[in-house]
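Some notes on the structure that comes next.
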Amino acid sequence: MQKLLVTGGAGFIGSNFVHYALANTDSSITVLDKLTYAGNLASLQGLPEDRFTFVQGDICDNGLVDTLVQETDVVVHYAAESHNDNSLHDPRPFLDTNIIGTYTLIEAARKHGKRFHHISTDEVYGDLELDDPERFTESTPYNPSSPYSSTKAGSDLLVRAWVRSFGLQATISNCSNNYGPYQHVEKFIPRQITNVIDGIRPKLYGAGENVRDWIHANDHSSAVLTIIEKGEIGQTYLIGADGEKNNKEVVELILKHMGQPADAYDQVIDRPGHDLRYAIDSSRLRTELGWEPKFSNFDQGIEATIAWYRENEAWWRPQKAETEAKYKVQGQ
Ligand code: NAD
Ligand code: DAU
């Protein structure tokens with residue numbers, strides 16, 4: 001039985017991975033999570049007690065990280081400050097957690113000779129024109145736009161350097177935009193769903209032409225598990241499910257499934273430096289490791305996600321007023 005240390009396991013994607021890995025392997029999992037505003041223990045309910053342990057703590061805490069990494073077989077590193085809009089207003093926590101936190105973890109993994117998987121984002125590659133026939137591949141040059149994506153890019157480069165200089169046994173994955181249950185209401189899709197539930201019109205940044213490449217969080221989890229089990233050390237894998245949609249299309253789909261007119265949204269101030277388009281070519285992961293996404297019907301995925309937010313108001317309600325108050329100050 002393998003022991004996994006999952007950082008950021010109380011967040012949106014980390015908690016999805018914890019549920020997925022416990023259901024699909026016989027591993028035991030320790031989650032290390034600081035429980036920032038984005039962490040929620042309610043996302044980790046119903047797990048087998050004999051195979052799951054939760055530790056509240058900071059990935060920048062050397063002593064704690066050293067002890068936990070020593071006791072584990074594989075470190076799966078999700079913990080991050082993850083929201084672009086927050087990074088534009090207060091970048092410092094992004095530097096601390098995404099850069100220093102990753103440094104602290106890879107130093108411990110190097111010292112104890114542990115396998116390390118680093119979770120990253122397609123945003124490290126910057127953005128594409130709407131009509132560009134190319135998509136991001138593992139060899140696309142790094143060109144991040146925001147404080148968030150530049151700290152993620154920095155963390156990827158640290159991992160790559162530790163592989164080359166110190167022989168760290170690491171893999172990296174860069175995934176596109178995730179959706180599904182348990183996502184914080186600051187993010188685009190849950191914000192609009194919970195706005196409609198509250199009788200507030202969805203808020204579209206600018207003209208809504210920006211394109212994101214959507215993937216269900218369960219497909220991200222299955223891809224990460226595949227890379228941990230079969231990935232080549234030192235390699236980077238892009239994760240995507242061919243889910244390109246512009247933001248206006250997504251808002252219209254949410255409105256349709258929630259019984260609202262297609263134009264019942266507001267256009268608000270655009271995000272500074274707003275990346276235009278992300279698109280992932282995940283051929284390496286599919287051909288070399290045999291991974292395939294299962295949730296390819298975005299329409300049905302959105303319908304199920306809307307149903308989840310309707311049925312789980314107790315999970316998101318405590319975050320909603322504070323989140324909207326913050327957006328209001330920003331004119332968004
Ligand atoms: P999230 O904001 O929902 O969760 C982040 C988690 O990390 C929270 O539980 C938080 O408490 C924890 N955390 C933050 N700082 C910490 C610290 N210093 N020490 C310990 N724990 C800390 O984020 P998410 O959307 O689940 O993203 C998880 C990872 O996946 C991130 O690395 C992100 O860059 C990456 N990613 C996200 C997406 C996406 O669409 N959401 C896509 C690609 C990659
Ligand atoms: O591509 C992967 C990235 O996807 C991850 O690395 C990030 O952690 C994750 O947050 C996400 O980043 P985005 O900035 O793309 O996601 P967000 O949900 O914030 O916004 C998605 C799009 O919707 C983006 O073009 C901005 C727009 N938007 C967002 C909000 C919150 C709106 O139009 N209105 C909104 O209210």
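Residue numbers start at 1 in each chain; chains themselves are named A, B, ... in the order of the structure tokens; ligands are numbered from 1 in the order shown.
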
Which residues, written as a list in words, have at least one atom at most 8 Å from Asn40 (chain A), with only C-alpha atoms counted and residues fewer than 5 positions away on the same chain left out?
-> Ala10, Gly11 and Leu35 of chain A

Put those residues in a file: N, CA, C and O atoms, as a CSV table (one decimal), in the first residue's frame.
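So part07.csv came out as:
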```csv
chain,number,residue,atom,x,y,z
A,10,ALA,N,-7.7,20.0,0.7
A,10,ALA,CA,-9.0,20.5,1.1
A,10,ALA,C,-9.6,21.5,0.1
A,10,ALA,O,-10.6,22.1,0.3
A,11,GLY,N,-8.8,21.7,-1.0
A,11,GLY,CA,-9.3,22.7,-2.0
A,11,GLY,C,-10.1,21.9,-3.1
A,11,GLY,O,-10.4,20.7,-2.9
A,35,LEU,N,-5.8,25.3,5.3
A,35,LEU,CA,-7.2,25.8,5.4
A,35,LEU,C,-7.3,27.3,5.3
A,35,LEU,O,-7.7,28.0,6.2
```

Please, which residues of region 50-250 of chain A, numbered as in this document, come out strand (DSSP E) from DSSP, as an MDAnalysis selection string?
-> chainID A and resid 52:56 74:77 115:121 170:175 178:179 203:205 211:213 215:216 236:239 244:246

Let's have the selection written as an mmCIF file, in the first residue's frame, with C-alpha atoms.
```cif
data_model
loop_
_atom_site.group_PDB
_atom_site.id
_atom_site.type_symbol
_atom_site.label_atom_id
_atom_site.label_comp_id
_atom_site.auth_asym_id
_atom_site.auth_seq_id
_atom_site.Cartn_x
_atom_site.Cartn_y
_atom_site.Cartn_z
ATOM 1 C CA PHE A 52 -7.107 9.006 5.522
ATOM 2 C CA THR A 53 -5.433 11.561 7.814
ATOM 3 C CA PHE A 54 -5.784 15.340 7.802
ATOM 4 C CA VAL A 55 -3.029 17.677 8.997
ATOM 5 C CA GLN A 56 -3.660 21.425 9.144
ATOM 6 C CA VAL A 74 4.746 10.050 -3.030
ATOM 7 C CA VAL A 75 4.100 13.785 -2.642
ATOM 8 C CA VAL A 76 1.233 15.104 -4.794
ATOM 9 C CA HIS A 77 1.467 18.891 -4.680
ATOM 10 C CA ARG A 115 8.689 10.688 -5.675
ATOM 11 C CA PHE A 116 7.120 14.118 -6.337
ATOM 12 C CA HIS A 117 4.254 15.126 -8.634
ATOM 13 C CA HIS A 118 3.754 18.838 -9.215
ATOM 14 C CA ILE A 119 0.305 20.117 -10.221
ATOM 15 C CA SER A 120 0.404 23.142 -12.489
ATOM 16 C CA THR A 121 -1.619 25.069 -14.993
ATOM 17 C CA ALA A 170 9.499 14.391 -10.229
ATOM 18 C CA THR A 171 6.827 14.753 -12.882
ATOM 19 C CA ILE A 172 4.808 17.883 -13.722
ATOM 20 C CA SER A 173 1.309 18.268 -15.153
ATOM 21 C CA ASN A 174 -0.208 21.449 -16.608
ATOM 22 C CA CYS A 175 -3.981 21.303 -16.803
ATOM 23 C CA ASN A 178 -11.482 22.611 -14.213
ATOM 24 C CA TYR A 179 -15.187 22.600 -13.382
ATOM 25 C CA LYS A 203 -21.159 38.960 -14.458
ATOM 26 C CA LEU A 204 -19.178 38.642 -17.666
ATOM 27 C CA TYR A 205 -15.748 40.294 -17.853
ATOM 28 C CA VAL A 211 -11.857 31.172 -24.386
ATOM 29 C CA ARG A 212 -11.133 28.573 -21.709
ATOM 30 C CA ASP A 213 -10.553 24.838 -22.343
ATOM 31 C CA ILE A 215 -12.224 19.786 -18.200
ATOM 32 C CA HIS A 216 -14.217 18.047 -15.475
ATOM 33 C CA THR A 236 5.874 17.239 -18.240
ATOM 34 C CA TYR A 237 2.349 16.207 -19.315
ATOM 35 C CA LEU A 238 -0.390 18.562 -20.504
ATOM 36 C CA ILE A 239 -3.910 17.623 -19.366
ATOM 37 C CA GLU A 244 -12.864 25.067 -25.652
ATOM 38 C CA LYS A 245 -15.756 27.498 -25.020
ATOM 39 C CA ASN A 246 -15.893 31.250 -24.786
#
```

Smallest atom-to-atom distance to Ile306 (chain A): which of A:Arg201, A:His257, A:His89, A:Lys152, using only C-alpha atoms?
->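 Among the listed residues, A:His257 lies closest to Ile306 (chain A).
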
Hey, could you make a per-residue contact list for chain A against ligand 1 with 7 Å as the cut-off, showing the nearest pair of atoms and its distance in Å to one decimal, counting only C-alpha atoms and all ligand atoms, sorted by chain and number, as a tab-separated table?
```
residue	atom	partner	partner_atom_place_in_ligand_line	distance
A:Thr7	CA	ligand 1	21 (N)	6.1
A:Gly8	CA	ligand 1	7 (O)	3.6
A:Gly9	CA	ligand 1	9 (O)	5.7
A:Ala10	CA	ligand 1	9 (O)	3.9
A:Gly11	CA	ligand 1	9 (O)	3.3
A:Phe12	CA	ligand 1	26 (O)	3.6
A:Ile13	CA	ligand 1	26 (O)	3.7
A:Gly14	CA	ligand 1	26 (O)	5.3
A:Leu32	CA	ligand 1	20 (C)	6.0
A:Asp33	CA	ligand 1	21 (N)	3.7
A:Lys34	CA	ligand 1	20 (C)	3.9
A:Leu35	CA	ligand 1	11 (O)	3.6
A:Thr36	CA	ligand 1	11 (O)	4.0
A:Tyr37	CA	ligand 1	11 (O)	6.4
A:Ala38	CA	ligand 1	8 (C)	4.7
A:Gly39	CA	ligand 1	9 (O)	3.2
A:Asn40	CA	ligand 1	9 (O)	6.3
A:Gly57	CA	ligand 1	20 (C)	5.8
A:Asp58	CA	ligand 1	19 (N)	3.5
A:Ile59	CA	ligand 1	19 (N)	4.0
A:Cys60	CA	ligand 1	18 (N)	6.0
A:Tyr78	CA	ligand 1	29 (C)	4.2
A:Ala79	CA	ligand 1	7 (O)	3.7
A:Ala80	CA	ligand 1	14 (C)	4.6
A:Glu81	CA	ligand 1	14 (C)	5.2
A:Ser82	CA	ligand 1	2 (O)	4.6
A:His83	CA	ligand 1	2 (O)	6.6
A:Thr97	CA	ligand 1	18 (N)	4.5
A:Gly101	CA	ligand 1	18 (N)	6.2
A:Ile119	CA	ligand 1	32 (O)	5.3
A:Ser120	CA	ligand 1	44 (C)	4.7
A:Thr121	CA	ligand 1	44 (C)	4.0
A:Asp122	CA	ligand 1	43 (C)	6.5
A:Lys152	CA	ligand 1	34 (O)	6.5
A:Asn174	CA	ligand 1	43 (C)	6.2
A:Cys175	CA	ligand 1	43 (C)	4.3
A:Ser176	CA	ligand 1	42 (C)	5.0
A:Asn177	CA	ligand 1	40 (O)	3.6
A:Asn178	CA	ligand 1	40 (O)	3.8
A:Tyr179	CA	ligand 1	40 (O)	6.7
A:Gln183	CA	ligand 1	3 (O)	6.2
A:His184	CA	ligand 1	3 (O)	6.1
```

Let's have the selection written as a short mmCIF file (atom, residue, chain, number, x, y, z; two decimals), in the first residue's frame, with N, CA and C atoms.
```cif
data_model
loop_
_atom_site.label_atom_id
_atom_site.label_comp_id
_atom_site.auth_asym_id
_atom_site.auth_seq_id
_atom_site.Cartn_x
_atom_site.Cartn_y
_atom_site.Cartn_z
N THR A 7 -0.83 17.76 -0.81
CA THR A 7 -0.91 19.13 -0.30
C THR A 7 -2.11 19.83 -0.95
N GLY A 8 -2.75 20.71 -0.21
CA GLY A 8 -3.91 21.42 -0.77
C GLY A 8 -5.11 20.50 -0.97
N GLY A 9 -5.16 19.41 -0.21
CA GLY A 9 -6.22 18.42 -0.40
C GLY A 9 -7.59 18.85 0.08
N ALA A 10 -7.69 20.02 0.71
CA ALA A 10 -9.02 20.52 1.11
C ALA A 10 -9.56 21.54 0.11
N GLY A 11 -8.83 21.74 -0.98
CA GLY A 11 -9.29 22.66 -2.03
C GLY A 11 -10.14 21.93 -3.06
N PHE A 12 -10.49 22.66 -4.11
CA PHE A 12 -11.39 22.13 -5.14
C PHE A 12 -10.84 20.86 -5.81
N ILE A 13 -9.66 20.97 -6.43
CA ILE A 13 -9.16 19.83 -7.21
C ILE A 13 -8.47 18.81 -6.32
N GLY A 14 -7.76 19.31 -5.28
CA GLY A 14 -7.07 18.39 -4.38
C GLY A 14 -8.06 17.45 -3.70
N LEU A 32 -2.09 17.59 3.68
CA LEU A 32 -1.52 18.76 4.38
C LEU A 32 -2.15 19.99 3.77
N ASP A 33 -2.92 20.73 4.56
CA ASP A 33 -3.62 21.91 4.04
C ASP A 33 -3.70 22.97 5.14
N LYS A 34 -3.44 24.20 4.74
CA LYS A 34 -3.45 25.32 5.68
C LYS A 34 -4.88 25.75 6.05
N LEU A 35 -5.85 25.33 5.25
CA LEU A 35 -7.23 25.80 5.38
C LEU A 35 -7.28 27.32 5.30
N THR A 36 -6.81 27.85 4.17
CA THR A 36 -7.02 29.27 3.86
C THR A 36 -8.50 29.45 3.55
N TYR A 37 -8.87 30.67 3.11
CA TYR A 37 -10.27 30.90 2.73
C TYR A 37 -10.74 29.86 1.70
N ALA A 38 -9.80 29.26 0.93
CA ALA A 38 -10.18 28.35 -0.16
C ALA A 38 -10.27 26.89 0.28
N GLY A 39 -9.78 26.59 1.47
CA GLY A 39 -9.82 25.21 1.95
C GLY A 39 -11.09 24.95 2.73
N ASN A 40 -11.63 23.73 2.59
CA ASN A 40 -12.90 23.44 3.26
C ASN A 40 -12.93 21.97 3.66
N GLY A 57 -1.78 22.64 8.25
CA GLY A 57 -0.46 23.26 8.33
C GLY A 57 -0.07 23.90 7.01
N ASP A 58 1.07 24.61 7.07
CA ASP A 58 1.52 25.42 5.94
C ASP A 58 2.64 24.69 5.19
N ILE A 59 2.57 24.67 3.87
CA ILE A 59 3.65 24.01 3.10
C ILE A 59 4.96 24.79 3.19
N CYS A 60 4.92 26.00 3.75
CA CYS A 60 6.17 26.76 3.96
C CYS A 60 6.83 26.41 5.30
N TYR A 78 -0.73 19.92 -4.73
CA TYR A 78 -1.81 20.78 -5.25
C TYR A 78 -1.83 22.15 -4.59
N ALA A 79 -1.32 22.28 -3.37
CA ALA A 79 -1.54 23.51 -2.60
C ALA A 79 -1.03 24.73 -3.36
N ALA A 80 -1.88 25.75 -3.42
CA ALA A 80 -1.49 26.99 -4.09
C ALA A 80 -2.49 28.07 -3.74
N GLU A 81 -2.07 29.32 -3.91
CA GLU A 81 -3.03 30.40 -4.08
C GLU A 81 -3.41 30.31 -5.55
N SER A 82 -4.71 30.19 -5.85
CA SER A 82 -5.12 29.75 -7.19
C SER A 82 -5.92 30.76 -8.01
N HIS A 83 -6.28 31.92 -7.41
CA HIS A 83 -7.24 32.78 -8.15
C HIS A 83 -6.57 34.02 -8.74
N THR A 97 3.27 31.06 -1.01
CA THR A 97 2.81 29.67 -1.11
C THR A 97 3.30 29.01 -2.39
N GLY A 101 6.61 27.77 -0.88
CA GLY A 101 5.98 26.50 -0.49
C GLY A 101 6.47 25.35 -1.35
N ILE A 119 1.52 19.74 -9.48
CA ILE A 119 0.30 20.12 -10.22
C ILE A 119 0.44 21.56 -10.69
N SER A 120 0.35 21.77 -12.00
CA SER A 120 0.40 23.14 -12.49
C SER A 120 -0.68 23.40 -13.54
N THR A 121 -0.53 24.51 -14.20
CA THR A 121 -1.62 25.07 -14.99
C THR A 121 -1.17 25.39 -16.41
N ASP A 122 -2.12 25.41 -17.34
CA ASP A 122 -1.80 25.81 -18.72
C ASP A 122 -1.48 27.30 -18.82
N LYS A 152 3.18 30.30 -10.61
CA LYS A 152 3.07 28.88 -10.98
C LYS A 152 4.20 28.52 -11.94
N ASN A 174 0.39 20.12 -16.40
CA ASN A 174 -0.21 21.45 -16.61
C ASN A 174 -1.60 21.23 -17.19
N CYS A 175 -2.59 21.59 -16.41
CA CYS A 175 -3.98 21.30 -16.80
C CYS A 175 -4.73 22.59 -17.16
N SER A 176 -5.79 22.42 -17.93
CA SER A 176 -6.66 23.54 -18.31
C SER A 176 -7.71 23.77 -17.22
N ASN A 177 -8.69 24.63 -17.51
CA ASN A 177 -9.70 25.04 -16.52
C ASN A 177 -10.60 23.89 -16.07
N ASN A 178 -10.63 23.67 -14.77
CA ASN A 178 -11.48 22.61 -14.21
C ASN A 178 -12.86 23.14 -13.83
N TYR A 179 -13.87 22.26 -13.93
CA TYR A 179 -15.19 22.60 -13.38
C TYR A 179 -15.74 21.36 -12.70
N GLN A 183 -16.21 23.64 -6.12
CA GLN A 183 -15.32 24.74 -6.53
C GLN A 183 -15.76 26.02 -5.83
N HIS A 184 -14.79 26.78 -5.34
CA HIS A 184 -15.09 28.01 -4.60
C HIS A 184 -15.91 28.98 -5.46
#
```

Would you please give, as a count of residues only, all residues of region 9-252 of chain A that DSSP assigns to alpha helix (DSSP H) based on the backbone?
-> 92

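Proximity to Trp162 (chain A) was assessed for A:Leu95, A:Val268, A:Ile106, A:Val196 counting only C-alpha atoms; the smallest distance is recorded for A:Ile106.
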
Show which residues sit within 12 Å of Ile99 (chain A), as a tab-separated table (two decimals) with all heavy atoms, in the first residue's frame. Count only C-alpha atoms, and ignore same-chain residues fewer than 4 positions away.
```tsv
chain	number	residue	atom	x	y	z
A	59	ILE	N	2.57	24.67	3.87
A	59	ILE	CA	3.65	24.01	3.10
A	59	ILE	C	4.96	24.79	3.19
A	59	ILE	O	6.00	24.31	2.75
A	59	ILE	CB	3.27	23.79	1.61
A	59	ILE	CG1	2.89	25.10	0.92
A	59	ILE	CG2	2.17	22.74	1.49
A	59	ILE	CD1	2.81	24.99	-0.60
A	60	CYS	N	4.92	26.00	3.75
A	60	CYS	CA	6.17	26.76	3.96
A	60	CYS	C	6.83	26.41	5.30
A	60	CYS	O	7.92	26.91	5.60
A	60	CYS	CB	5.90	28.26	3.92
A	60	CYS	SG	5.19	28.83	2.39
A	79	ALA	N	-1.32	22.28	-3.37
A	79	ALA	CA	-1.54	23.51	-2.60
A	79	ALA	C	-1.03	24.73	-3.36
A	79	ALA	O	0.08	24.75	-3.87
A	79	ALA	CB	-0.84	23.41	-1.24
A	80	ALA	N	-1.88	25.75	-3.42
A	80	ALA	CA	-1.49	26.99	-4.09
A	80	ALA	C	-2.49	28.07	-3.74
A	80	ALA	O	-3.61	27.80	-3.32
A	80	ALA	CB	-1.47	26.80	-5.61
A	81	GLU	N	-2.07	29.32	-3.91
A	81	GLU	CA	-3.03	30.40	-4.08
A	81	GLU	C	-3.41	30.31	-5.55
A	81	GLU	O	-2.54	30.35	-6.44
A	81	GLU	CB	-2.40	31.75	-3.75
A	81	GLU	CG	-2.20	31.98	-2.26
A	81	GLU	CD	-3.52	32.14	-1.50
A	81	GLU	OE1	-4.54	32.51	-2.12
A	81	GLU	OE2	-3.53	31.88	-0.28
A	91	PRO	N	-0.59	40.25	-4.44
A	91	PRO	CA	0.26	39.16	-4.97
A	91	PRO	C	1.08	38.40	-3.92
A	91	PRO	O	1.46	37.26	-4.15
A	91	PRO	CB	1.22	39.87	-5.94
A	91	PRO	CG	0.69	41.25	-6.13
A	91	PRO	CD	-0.15	41.58	-4.93
A	92	ARG	N	1.37	39.00	-2.77
A	92	ARG	CA	2.33	38.43	-1.83
A	92	ARG	C	2.06	36.97	-1.43
A	92	ARG	O	2.98	36.12	-1.46
A	92	ARG	CB	2.44	39.34	-0.59
A	92	ARG	CG	3.39	38.84	0.47
A	92	ARG	CD	4.82	38.77	-0.08
A	92	ARG	NE	5.66	37.93	0.74
A	92	ARG	CZ	6.71	38.35	1.43
A	92	ARG	NH1	7.05	39.64	1.40
A	92	ARG	NH2	7.43	37.53	2.15
A	93	PRO	N	0.80	36.63	-1.05
A	93	PRO	CA	0.57	35.23	-0.67
A	93	PRO	C	0.87	34.25	-1.81
A	93	PRO	O	1.18	33.08	-1.56
A	93	PRO	CB	-0.93	35.19	-0.32
A	93	PRO	CG	-1.32	36.61	-0.06
A	93	PRO	CD	-0.41	37.47	-0.89
A	94	PHE	N	0.79	34.71	-3.04
A	94	PHE	CA	1.08	33.85	-4.19
A	94	PHE	C	2.58	33.54	-4.25
A	94	PHE	O	2.97	32.41	-4.57
A	94	PHE	CB	0.60	34.54	-5.49
A	94	PHE	CG	-0.90	34.61	-5.58
A	94	PHE	CD1	-1.63	35.51	-4.80
A	94	PHE	CD2	-1.60	33.74	-6.40
A	94	PHE	CE1	-3.01	35.55	-4.86
A	94	PHE	CE2	-2.99	33.77	-6.47
A	94	PHE	CZ	-3.69	34.68	-5.69
A	95	LEU	N	3.40	34.55	-3.94
A	95	LEU	CA	4.84	34.31	-3.90
A	95	LEU	C	5.19	33.35	-2.76
A	95	LEU	O	5.98	32.42	-2.93
A	95	LEU	CB	5.58	35.64	-3.73
A	95	LEU	CG	5.44	36.56	-4.95
A	95	LEU	CD1	5.66	38.01	-4.59
A	95	LEU	CD2	6.43	36.15	-6.02
A	103	TYR	N	9.27	25.28	-3.08
A	103	TYR	CA	10.69	25.09	-2.74
A	103	TYR	C	10.85	24.23	-1.48
A	103	TYR	O	11.67	23.30	-1.43
A	103	TYR	CB	11.35	26.47	-2.56
A	103	TYR	CG	12.62	26.44	-1.76
A	103	TYR	CD1	13.81	25.95	-2.31
A	103	TYR	CD2	12.63	26.88	-0.43
A	103	TYR	CE1	14.97	25.90	-1.55
A	103	TYR	CE2	13.79	26.83	0.32
A	103	TYR	CZ	14.95	26.34	-0.23
A	103	TYR	OH	16.10	26.28	0.51
A	104	THR	N	10.05	24.53	-0.45
A	104	THR	CA	10.14	23.79	0.81
A	104	THR	C	9.84	22.31	0.59
A	104	THR	O	10.53	21.42	1.11
A	104	THR	CB	9.13	24.39	1.83
A	104	THR	OG1	9.36	25.80	1.92
A	104	THR	CG2	9.27	23.76	3.20
A	105	LEU	N	8.83	22.03	-0.24
A	105	LEU	CA	8.44	20.63	-0.49
A	105	LEU	C	9.50	19.88	-1.31
A	105	LEU	O	9.82	18.73	-1.01
A	105	LEU	CB	7.10	20.61	-1.24
A	105	LEU	CG	5.88	20.93	-0.38
A	105	LEU	CD1	4.70	21.36	-1.25
A	105	LEU	CD2	5.49	19.71	0.48
A	106	ILE	N	10.04	20.53	-2.35
A	106	ILE	CA	11.01	19.78	-3.18
A	106	ILE	C	12.33	19.58	-2.45
A	106	ILE	O	13.01	18.58	-2.67
A	106	ILE	CB	11.22	20.41	-4.59
A	106	ILE	CG1	11.63	21.89	-4.52
A	106	ILE	CG2	9.98	20.23	-5.45
A	106	ILE	CD1	11.87	22.53	-5.89
A	147	PRO	N	0.26	37.72	-11.85
A	147	PRO	CA	1.06	37.28	-10.69
A	147	PRO	C	0.82	35.81	-10.37
A	147	PRO	O	1.76	35.08	-10.06
A	147	PRO	CB	0.57	38.20	-9.56
A	147	PRO	CG	0.10	39.44	-10.27
A	147	PRO	CD	-0.50	38.96	-11.57
A	148	TYR	N	-0.45	35.36	-10.46
A	148	TYR	CA	-0.72	33.93	-10.21
A	148	TYR	C	0.06	33.04	-11.16
A	148	TYR	O	0.83	32.17	-10.75
A	148	TYR	CB	-2.23	33.64	-10.34
A	148	TYR	CG	-2.53	32.17	-10.53
A	148	TYR	CD1	-2.30	31.25	-9.50
A	148	TYR	CD2	-2.99	31.67	-11.76
A	148	TYR	CE1	-2.54	29.89	-9.68
A	148	TYR	CE2	-3.24	30.32	-11.95
A	148	TYR	CZ	-3.02	29.43	-10.90
A	148	TYR	OH	-3.24	28.09	-11.09
A	149	SER	N	-0.11	33.29	-12.48
A	149	SER	CA	0.50	32.35	-13.44
A	149	SER	C	2.03	32.47	-13.44
A	149	SER	O	2.72	31.47	-13.70
A	149	SER	CB	-0.07	32.54	-14.84
A	149	SER	OG	0.01	33.87	-15.27
A	150	SER	N	2.56	33.65	-13.11
A	150	SER	CA	4.02	33.75	-13.07
A	150	SER	C	4.58	33.01	-11.87
A	150	SER	O	5.67	32.41	-11.96
A	150	SER	CB	4.47	35.22	-13.09
A	150	SER	OG	3.96	35.90	-11.99
A	151	THR	N	3.85	32.98	-10.75
A	151	THR	CA	4.37	32.19	-9.61
A	151	THR	C	4.23	30.69	-9.88
A	151	THR	O	5.06	29.90	-9.45
A	151	THR	CB	3.67	32.55	-8.28
A	151	THR	OG1	2.26	32.35	-8.41
A	151	THR	CG2	3.96	33.98	-7.86
A	152	LYS	N	3.18	30.30	-10.61
A	152	LYS	CA	3.07	28.88	-10.98
A	152	LYS	C	4.20	28.52	-11.94
A	152	LYS	O	4.80	27.45	-11.84
A	152	LYS	CB	1.71	28.58	-11.62
A	152	LYS	CG	0.53	28.62	-10.66
A	152	LYS	CD	0.60	27.61	-9.53
A	152	LYS	CE	0.44	26.18	-9.99
A	152	LYS	NZ	0.35	25.24	-8.84
A	153	ALA	N	4.49	29.41	-12.90
A	153	ALA	CA	5.60	29.15	-13.83
A	153	ALA	C	6.91	29.02	-13.06
A	153	ALA	O	7.72	28.11	-13.31
A	153	ALA	CB	5.69	30.28	-14.86
A	154	GLY	N	7.11	29.93	-12.08
A	154	GLY	CA	8.32	29.87	-11.26
A	154	GLY	C	8.43	28.54	-10.53
A	154	GLY	O	9.51	27.93	-10.46
A	155	SER	N	7.29	28.06	-10.01
A	155	SER	CA	7.32	26.79	-9.27
A	155	SER	C	7.64	25.63	-10.21
A	155	SER	O	8.39	24.72	-9.86
A	155	SER	CB	6.02	26.56	-8.51
A	155	SER	OG	4.94	26.32	-9.39
A	156	ASP	N	7.11	25.67	-11.44
A	156	ASP	CA	7.43	24.60	-12.42
A	156	ASP	C	8.93	24.59	-12.70
A	156	ASP	O	9.56	23.53	-12.77
A	156	ASP	CB	6.74	24.86	-13.76
A	156	ASP	CG	5.23	24.74	-13.72
A	156	ASP	OD1	4.67	24.68	-12.63
A	156	ASP	OD2	4.62	24.72	-14.82
A	157	LEU	N	9.49	25.79	-12.86
A	157	LEU	CA	10.92	25.87	-13.20
A	157	LEU	C	11.79	25.38	-12.05
A	157	LEU	O	12.83	24.75	-12.28
A	157	LEU	CB	11.29	27.31	-13.60
A	157	LEU	CG	10.57	27.83	-14.87
A	157	LEU	CD1	10.99	29.27	-15.16
A	157	LEU	CD2	10.84	26.95	-16.08
A	158	LEU	N	11.35	25.65	-10.82
A	158	LEU	CA	12.09	25.11	-9.67
A	158	LEU	C	12.09	23.58	-9.74
A	158	LEU	O	13.14	22.94	-9.57
A	158	LEU	CB	11.45	25.56	-8.35
A	158	LEU	CG	11.58	27.03	-7.97
A	158	LEU	CD1	10.81	27.31	-6.68
A	158	LEU	CD2	13.04	27.43	-7.78
A	159	VAL	N	10.93	22.99	-9.99
A	159	VAL	CA	10.86	21.52	-10.04
A	159	VAL	C	11.76	20.99	-11.15
A	159	VAL	O	12.53	20.03	-10.95
A	159	VAL	CB	9.39	21.05	-10.24
A	159	VAL	CG1	9.33	19.53	-10.40
A	159	VAL	CG2	8.52	21.49	-9.06
```

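One finds CA of Gly273 (chain A) at 9.5 Å from CA of Leu88 (chain A).
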
Rank A:Thr137, A:Asn218, A:Gln260, A:Asn16 by their smallest atom-to-atom distance to Ser282 (chain A), using only C-alpha atoms, and report the top residue only.
->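 Checking each of A:Thr137, A:Asn218, A:Gln260, A:Asn16 against Ser282 (chain A), counting only C-alpha atoms, the winner is A:Thr137.
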
For ligand 2, which residue among A:Asp219, A:Glu232, A:Asp85, A:Asp198 is the nearest when counting only C-alpha atoms and all ligand atoms?
-> A:Asp85

Counting only C-alpha atoms and all ligand atoms, figure out which residue out of A:Lys326, A:Lys320, A:Arg271, A:His220 gets nearest to ligand 2.
-> A:Arg271

Shell around region 129-135 of chain A at 8 Å using only C-alpha atoms, local window under 5 positions removed, as JSON, numbers by chain | {"A": [211, 276, 277, 278, 279, 280, 281]}

Exercise: Gly206 (chain A) partners within 6 Å, only C-alpha atoms, chain neighbours under 4 positions left out, as a VMD selection string = chain A and resid 267 to 270

Those same residues, written as a short mmCIF file (atom, residue, chain, number, x, y, z; two decimals), in the first residue's frame with N, CA and C atoms?
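As written to disk, again-v9.cif reads:
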```cif
data_model
loop_
_atom_site.label_atom_id
_atom_site.label_comp_id
_atom_site.auth_asym_id
_atom_site.auth_seq_id
_atom_site.Cartn_x
_atom_site.Cartn_y
_atom_site.Cartn_z
N GLN A 267 -22.40 42.86 -18.37
CA GLN A 267 -20.98 42.95 -18.71
C GLN A 267 -20.33 43.91 -17.72
N VAL A 268 -19.21 43.49 -17.13
CA VAL A 268 -18.53 44.31 -16.11
C VAL A 268 -17.09 44.58 -16.54
N ILE A 269 -16.39 45.38 -15.71
CA ILE A 269 -15.00 45.75 -16.02
C ILE A 269 -14.16 44.50 -16.29
N ASP A 270 -13.35 44.57 -17.33
CA ASP A 270 -12.52 43.42 -17.69
C ASP A 270 -11.38 43.23 -16.68
#
```
